[in-house]
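Participant: Input structure: work_18.txt, which contains compact mmCIF, C-alpha atoms.
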# COMPACT_ATOMS: atom_id res chain seq x y z
CA MET T 13 108.92 138.76 80.87
CA ASP T 14 108.78 135.10 80.12
CA TRP T 15 105.15 134.14 80.81
CA ASN T 16 105.85 130.46 80.32
CA LEU T 17 108.34 130.55 83.18
CA ILE T 18 105.92 132.43 85.44
CA SER T 19 103.04 130.07 84.68
CA ALA T 20 105.33 127.07 85.30
CA GLN T 21 106.33 128.50 88.67
CA ILE T 22 102.71 129.11 89.64
CA ALA T 23 101.75 125.57 88.62
CA SER T 24 104.70 124.23 90.60
CA THR T 25 103.68 126.21 93.66
CA ASN T 26 100.08 125.03 93.38
CA SER T 27 101.28 121.43 93.04
CA MET T 28 103.42 121.82 96.13
CA TRP T 29 100.51 123.15 98.21
CA LEU T 30 98.19 120.43 96.96
CA SER T 31 100.76 117.76 97.76
CA LEU T 32 101.38 119.21 101.21
CA THR T 33 97.65 119.37 101.91
CA LEU T 34 97.14 115.75 100.84
CA TYR T 35 100.11 114.62 102.94
CA VAL T 36 98.77 116.38 106.04
CA LEU T 37 95.32 114.85 105.47
CA TYR T 38 96.82 111.38 105.02
CA ALA T 39 99.06 111.82 108.07
CA LEU T 40 96.03 112.74 110.20
CA THR T 41 94.08 109.71 109.00
CA MET T 42 97.02 107.39 109.58
CA TRP T 43 97.52 108.93 113.02
CA ARG T 44 93.95 107.97 113.92
CA VAL T 45 94.38 104.43 112.53
CA PHE T 46 97.57 103.96 114.57
CA VAL T 47 95.89 105.22 117.75
CA LYS T 48 92.90 102.90 117.22
CA ALA T 49 95.33 99.99 116.83
CA GLY T 50 97.08 100.86 120.10
CA TYR T 51 100.26 102.44 118.73
CA ALA T 52 101.52 105.98 119.21
CA GLY T 53 100.08 108.26 116.54
CA ILE T 54 103.38 110.06 116.01
CA LEU T 55 104.74 106.89 114.37
CA ALA T 56 102.49 107.59 111.37
CA LEU T 57 104.55 110.68 110.53
CA ILE T 58 107.92 108.92 110.24
CA PRO T 59 108.24 107.72 106.62
CA ILE T 60 109.69 104.20 106.85
CA VAL T 61 108.66 103.50 110.42
CA ASN T 62 105.00 103.85 109.44
CA TRP T 63 105.43 100.93 107.01
CA ILE T 64 106.69 98.75 109.84
CA PHE T 65 103.80 99.56 112.14
CA LEU T 66 101.23 99.32 109.36
CA VAL T 67 102.48 95.77 108.73
CA LYS T 68 102.18 95.10 112.48
CA ILE T 69 98.62 96.47 112.45
CA ALA T 70 97.92 93.97 109.67
CA GLY T 71 99.02 91.22 112.05
CA LEU T 72 102.32 90.39 110.38
CA SER T 73 105.91 90.63 111.58
CA GLY T 74 107.44 94.08 111.30
CA TRP T 75 110.42 92.58 109.50
CA LEU T 76 108.18 91.81 106.54
CA ALA T 77 108.07 95.57 105.85
CA LEU T 78 111.38 95.01 104.05
CA LEU T 79 109.32 93.43 101.25
CA TYR T 80 108.20 96.95 100.33
CA LEU T 81 111.72 97.53 99.02
CA ILE T 82 111.58 94.76 96.40
CA PRO T 83 110.06 95.77 93.04
CA PHE T 84 106.90 93.89 91.98
CA VAL T 85 106.85 92.04 95.30
CA ASN T 86 105.91 95.30 97.01
CA ALA T 87 102.66 95.60 95.03
CA ILE T 88 101.54 92.09 95.98
CA PHE T 89 102.64 92.59 99.58
CA ALA T 90 100.77 95.91 99.79
CA ILE T 91 97.57 94.13 98.73
CA VAL T 92 98.11 91.45 101.39
CA VAL T 93 98.73 94.11 104.06
CA ALA T 94 95.64 96.08 102.98
CA VAL T 95 93.38 93.01 103.12
CA LYS T 96 94.72 91.88 106.51
CA GLU T 97 94.50 95.42 107.90
CA GLY T 98 90.90 95.67 106.72
CA ALA T 99 90.09 92.31 108.32
CA ASN T 100 91.54 93.52 111.62
CA PHE T 101 89.23 96.52 111.48
CA GLY T 102 86.20 94.40 110.52
CA LYS T 103 86.14 95.39 106.85
CA GLY T 104 85.71 93.02 103.93
CA GLY T 105 88.06 92.16 101.11
CA LEU T 106 86.49 94.50 98.54
CA PHE T 107 86.68 97.47 100.91
CA SER T 108 90.28 96.59 101.70
CA PHE T 109 91.34 96.18 98.08
CA PHE T 110 89.68 99.26 96.69
CA LEU T 111 89.82 101.69 99.62
CA LEU T 112 92.92 100.61 101.52
CA TRP T 113 95.12 99.65 98.60
CA MET T 114 93.92 101.65 95.60
CA LEU T 115 92.58 104.73 97.45
CA PRO T 116 94.26 104.68 100.87
CA PHE T 117 93.39 108.32 101.56
CA ILE T 118 89.70 107.43 101.59
CA GLY T 119 90.03 104.01 103.23
CA HIS T 120 92.12 105.21 106.15
CA LEU T 121 89.85 108.22 106.53
CA ILE T 122 86.86 105.87 106.92
CA ILE T 123 88.69 103.58 109.33
CA GLY T 124 90.35 106.36 111.32
CA PHE T 125 87.35 108.60 111.81
CA GLY T 126 84.58 106.01 111.48
CA SER T 127 83.18 103.54 113.95
CA ALA T 128 85.57 100.69 113.05
CA THR T 129 87.35 99.13 116.01
CA TYR T 130 90.63 97.28 115.93
CA ARG T 131 90.56 93.62 116.77
CA LYS T 132 93.45 91.43 115.91
CA VAL T 133 92.15 88.51 113.85
As structure tokens, please, write out the structure in this file.
Facilitator:
Amino acid sequence: MDWNLISAQIASTNSMWLSLTLYVLYALTMWRVFVKAGYAGILALIPIVNWIFLVKIAGLSGWLALLYLIPFVNAIFAIVVAVKEGANFGKGGLFSFFLLWMLPFIGHLIIGFGSATYRKV
């Protein structure tokens, strides 16, 4: 038996389950954020469509979601979207930068399941 192959398969399986668990958690948090913003929660599960509606939640035109496809521009645009999204939920710039851009799992969890309310600024 090749133990290296078996251990690689086990590690791969564990990675898959961890990734799936994190995706489901993130999908649930995004679902809640979308519902709080007045959009259908199911839109959070569709990969590219959720970009469009996240940009709309930030108060920008949905067409600007195309900027996510341009290298280097997408990082700057993601920061802008995170800060504007945080402002629409009554959160400050530091919260938006660190928890909506750098750690979106945590930031959207706080917004989705917390007491934040959506108000378009």
Participant: Tell me, counting only C-alpha atoms, for each residue of region 63-122 of chain T within 10 Å of region 126-129 of chain T, which pair of atoms is nearest and how far apart they are in Å to one decimal, in rows ordered by chain and increasing number, as a tab-separated table.
Facilitator:
residue	atom	partner	partner_atom	distance
T:Gly98	CA	T:Ala128	CA	9.7
T:Asn100	CA	T:Thr129	CA	8.3
T:Phe101	CA	T:Thr129	CA	5.6
T:Gly102	CA	T:Ala128	CA	6.8
T:Lys103	CA	T:Ala128	CA	8.2
T:His120	CA	T:Gly126	CA	9.3
T:Leu121	CA	T:Gly126	CA	7.6
T:Ile122	CA	T:Gly126	CA	5.1
Participant: What is the CA of Lys48 (chain T) to CA of Ile123 (chain T) distance in Å?
Facilitator: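 That distance, rounded to one decimal, is 9.0 Å.
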Participant: Return the single residue from T:Ala90, T:Ile69, T:Met114, T:Leu78 that is closest to Val45 (chain T), with distances computed using only C-alpha atoms.
Facilitator: T:Ile69
Participant: Could you give me, as a PyMOL selection string, the residues within 12 Å of Ile118 (chain T), counting all atoms listed in the file and dropping anything in the same chain fewer than 2 positions from it?
Facilitator: chain T and resi 34+37-38+40-42+107-116+120-126
Participant: Do you have the CA of Ala49 (chain T)-CA of Lys96 (chain T) distance handy?
Facilitator: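 Separation of CA of Ala49 (chain T) and CA of Lys96 (chain T): 13.1 Å.
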Participant: Find the residue from T:Leu30, T:Ile82, T:Ala70, T:Val47 that sits nearest to Ala99 (chain T); use all atoms listed in the file when measuring.
Facilitator: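 Smallest distance to Ala99 (chain T) is found for T:Ala70.
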Participant: Give me, as an MDAnalysis selection string, all polymer residues having an atom no more than 10 Å from Tyr80 (chain T), counting all atoms listed in the file and skipping those fewer than 3 positions away in the same chain.
Facilitator: chainID T and resid 60 63:64 76:77 83:90
Participant: May I ask for the distance between CA of Asn26 (chain T) and CA of Arg44 (chain T), given in Å to one decimal place?
Facilitator: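 These two atoms are separated by 27.4 Å.
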Participant: Can you save region 26-95 of chain T of the given block to a file, including C-alpha atoms and formatted as a PDB file, in the first residue's frame?
Facilitator:
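Saved result, out-v4.pdb, follows:
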ATOM      1  CA  ASN T  26     -10.943  16.832   4.506  1.00  0.00           C
ATOM      2  CA  SER T  27     -10.178  19.942   2.442  1.00  0.00           C
ATOM      3  CA  MET T  28     -13.266  19.341   0.350  1.00  0.00           C
ATOM      4  CA  TRP T  29     -15.519  19.041   3.415  1.00  0.00           C
ATOM      5  CA  LEU T  30     -13.989  22.124   5.008  1.00  0.00           C
ATOM      6  CA  SER T  31     -14.451  24.104   1.804  1.00  0.00           C
ATOM      7  CA  LEU T  32     -18.034  22.929   1.442  1.00  0.00           C
ATOM      8  CA  THR T  33     -18.798  23.814   5.056  1.00  0.00           C
ATOM      9  CA  LEU T  34     -17.324  27.307   4.659  1.00  0.00           C
ATOM     10  CA  TYR T  35     -19.243  27.847   1.416  1.00  0.00           C
ATOM     11  CA  VAL T  36     -22.543  26.840   3.035  1.00  0.00           C
ATOM     12  CA  LEU T  37     -21.835  29.147   6.000  1.00  0.00           C
ATOM     13  CA  TYR T  38     -20.975  32.034   3.688  1.00  0.00           C
ATOM     14  CA  ALA T  39     -24.024  31.362   1.508  1.00  0.00           C
ATOM     15  CA  LEU T  40     -26.283  31.502   4.583  1.00  0.00           C
ATOM     16  CA  THR T  41     -24.760  34.781   5.742  1.00  0.00           C
ATOM     17  CA  MET T  42     -25.035  36.304   2.280  1.00  0.00           C
ATOM     18  CA  TRP T  43     -28.633  35.070   2.049  1.00  0.00           C
ATOM     19  CA  ARG T  44     -29.450  37.022   5.215  1.00  0.00           C
ATOM     20  CA  VAL T  45     -27.660  40.154   3.947  1.00  0.00           C
ATOM     21  CA  PHE T  46     -29.597  40.004   0.670  1.00  0.00           C
ATOM     22  CA  VAL T  47     -32.921  39.569   2.480  1.00  0.00           C
ATOM     23  CA  LYS T  48     -32.152  42.514   4.793  1.00  0.00           C
ATOM     24  CA  ALA T  49     -31.410  44.637   1.723  1.00  0.00           C
ATOM     25  CA  GLY T  50     -34.731  43.701   0.122  1.00  0.00           C
ATOM     26  CA  TYR T  51     -33.517  41.209  -2.492  1.00  0.00           C
ATOM     27  CA  ALA T  52     -34.391  37.541  -2.819  1.00  0.00           C
ATOM     28  CA  GLY T  53     -32.018  35.439  -0.733  1.00  0.00           C
ATOM     29  CA  ILE T  54     -31.662  32.798  -3.439  1.00  0.00           C
ATOM     30  CA  LEU T  55     -29.651  35.307  -5.494  1.00  0.00           C
ATOM     31  CA  ALA T  56     -26.776  34.891  -3.026  1.00  0.00           C
ATOM     32  CA  LEU T  57     -26.276  31.306  -4.192  1.00  0.00           C
ATOM     33  CA  ILE T  58     -25.744  32.091  -7.877  1.00  0.00           C
ATOM     34  CA  PRO T  59     -22.010  32.769  -8.347  1.00  0.00           C
ATOM     35  CA  ILE T  60     -21.815  35.796 -10.659  1.00  0.00           C
ATOM     36  CA  VAL T  61     -25.294  37.118  -9.995  1.00  0.00           C
ATOM     37  CA  ASN T  62     -24.402  37.617  -6.328  1.00  0.00           C
ATOM     38  CA  TRP T  63     -21.647  40.047  -7.388  1.00  0.00           C
ATOM     39  CA  ILE T  64     -24.190  42.127  -9.282  1.00  0.00           C
ATOM     40  CA  PHE T  65     -26.598  42.341  -6.376  1.00  0.00           C
ATOM     41  CA  LEU T  66     -23.837  42.939  -3.845  1.00  0.00           C
ATOM     42  CA  VAL T  67     -22.792  45.951  -5.932  1.00  0.00           C
ATOM     43  CA  LYS T  68     -26.440  47.079  -5.970  1.00  0.00           C
ATOM     44  CA  ILE T  69     -26.609  46.685  -2.178  1.00  0.00           C
ATOM     45  CA  ALA T  70     -23.571  48.963  -2.026  1.00  0.00           C
ATOM     46  CA  GLY T  71     -25.609  51.574  -3.893  1.00  0.00           C
ATOM     47  CA  LEU T  72     -23.816  51.340  -7.230  1.00  0.00           C
ATOM     48  CA  SER T  73     -24.992  50.307 -10.683  1.00  0.00           C
ATOM     49  CA  GLY T  74     -25.090  46.571 -11.258  1.00  0.00           C
ATOM     50  CA  TRP T  75     -23.100  47.041 -14.455  1.00  0.00           C
ATOM     51  CA  LEU T  76     -20.093  48.038 -12.368  1.00  0.00           C
ATOM     52  CA  ALA T  77     -19.843  44.384 -11.268  1.00  0.00           C
ATOM     53  CA  LEU T  78     -17.950  43.868 -14.528  1.00  0.00           C
ATOM     54  CA  LEU T  79     -15.015  45.610 -12.837  1.00  0.00           C
ATOM     55  CA  TYR T  80     -14.521  42.425 -10.809  1.00  0.00           C
ATOM     56  CA  LEU T  81     -13.242  40.810 -14.014  1.00  0.00           C
ATOM     57  CA  ILE T  82     -10.326  43.229 -14.476  1.00  0.00           C
ATOM     58  CA  PRO T  83      -7.125  42.284 -12.616  1.00  0.00           C
ATOM     59  CA  PHE T  84      -5.884  44.793  -9.999  1.00  0.00           C
ATOM     60  CA  VAL T  85      -8.974  46.948 -10.558  1.00  0.00           C
ATOM     61  CA  ASN T  86     -11.062  44.245  -8.891  1.00  0.00           C
ATOM     62  CA  ALA T  87      -9.168  44.581  -5.595  1.00  0.00           C
ATOM     63  CA  ILE T  88      -9.718  48.345  -5.447  1.00  0.00           C
ATOM     64  CA  PHE T  89     -13.335  47.970  -6.530  1.00  0.00           C
ATOM     65  CA  ALA T  90     -13.944  45.290  -3.878  1.00  0.00           C
ATOM     66  CA  ILE T  91     -12.732  47.714  -1.200  1.00  0.00           C
ATOM     67  CA  VAL T  92     -15.051  50.432  -2.518  1.00  0.00           C
ATOM     68  CA  VAL T  93     -18.002  48.014  -2.545  1.00  0.00           C
ATOM     69  CA  ALA T  94     -17.198  46.811   0.988  1.00  0.00           C
ATOM     70  CA  VAL T  95     -17.006  50.355   2.374  1.00  0.00           C
TER      71      VAL T  95
END
